[in-house]
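Novice: The structure under discussion is supplied below as structure tokens; questions concerning it will follow.
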Amino acid sequence: MSASLNPDLIVSDLERSVKFYEGALGMKPVDRMTFFALLERPGVKLMMETTESPDPTTKGLLERQGKSPRATVNFWVIVDDVASEQSRLKGAAVAFRGPVDKPYGYREVSFQDPDGYTWTLAQKLA
């Protein structure tokens, strides 16, 4: 069985979020509508929707949690070169923490997007 995890974030400003992820993670938009965008880079796909999305699943989630987006998940992405990711974050003027070498054998850099979703980019230490 083959599977691919594609998170779907609810965001307050789609254009701002697309631009943020283009700079912070080097993602490229591959599909776009008024209320939805799909971005990708090798090994990562990310969907995002606004609160105006007509999707019934999104509407149901917003009814349960409230009408404004709330970050309720942290994303942890394994990368080959955390220093390159850190350079991209600096170039995009994204505030981040790290790099930090963790006792479980990874070097990590963490940041938050404009809606408060936390991302950690981690490289396995030799």
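The way I read the labels, and the way they are meant: chains A, B, ... in the order of the structure tokens, residue 1 as the first residue of every chain, and ligand 1 as the first ligand shown, with later ones counted on from there.
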So that I can check the surroundings of segment 103-114 of chain A, please list as an MDAnalysis selection string every protein, DNA and RNA residue that reaches within 10 Å of it, counting only C-alpha atoms and ignoring chain neighbours fewer than 2 positions away.
Specialist: chainID A and resid 11:13 16:17 20:21 24 71 74:79 81:83 85:86 89 94:101 116:126
Novice: Point out the residue among A:Val44, A:Thr50, A:Pro56, A:Asp31 with the least atom-to-atom distance to Glu15 of chain A, counting only C-alpha atoms.
Specialist: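 When distances to Glu15 of chain A are compared using only C-alpha atoms, the smallest one comes from A:Thr50.
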Novice: Work out how far atom CA of Val30 of chain A is from atom CA of Leu46 of chain A, in Å to one decimal.
Specialist: 10.2 Å
Novice: For atom CA of Gly43 of chain A and atom CA of Leu61 of chain A, determine how far apart the two atoms are, in Å to one decimal place.
Specialist: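 If I compute the distance from atom CA of Gly43 of chain A to atom CA of Leu61 of chain A, I get 26.7 Å.
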Novice: Just checking: using only C-alpha atoms, which residue out of A:Asp80, A:Pro54, A:Ile10, A:Glu22 ends up closest to Glu40 of chain A?
Specialist: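 The shortest atom-to-atom distance to Glu40 of chain A comes from A:Glu22.
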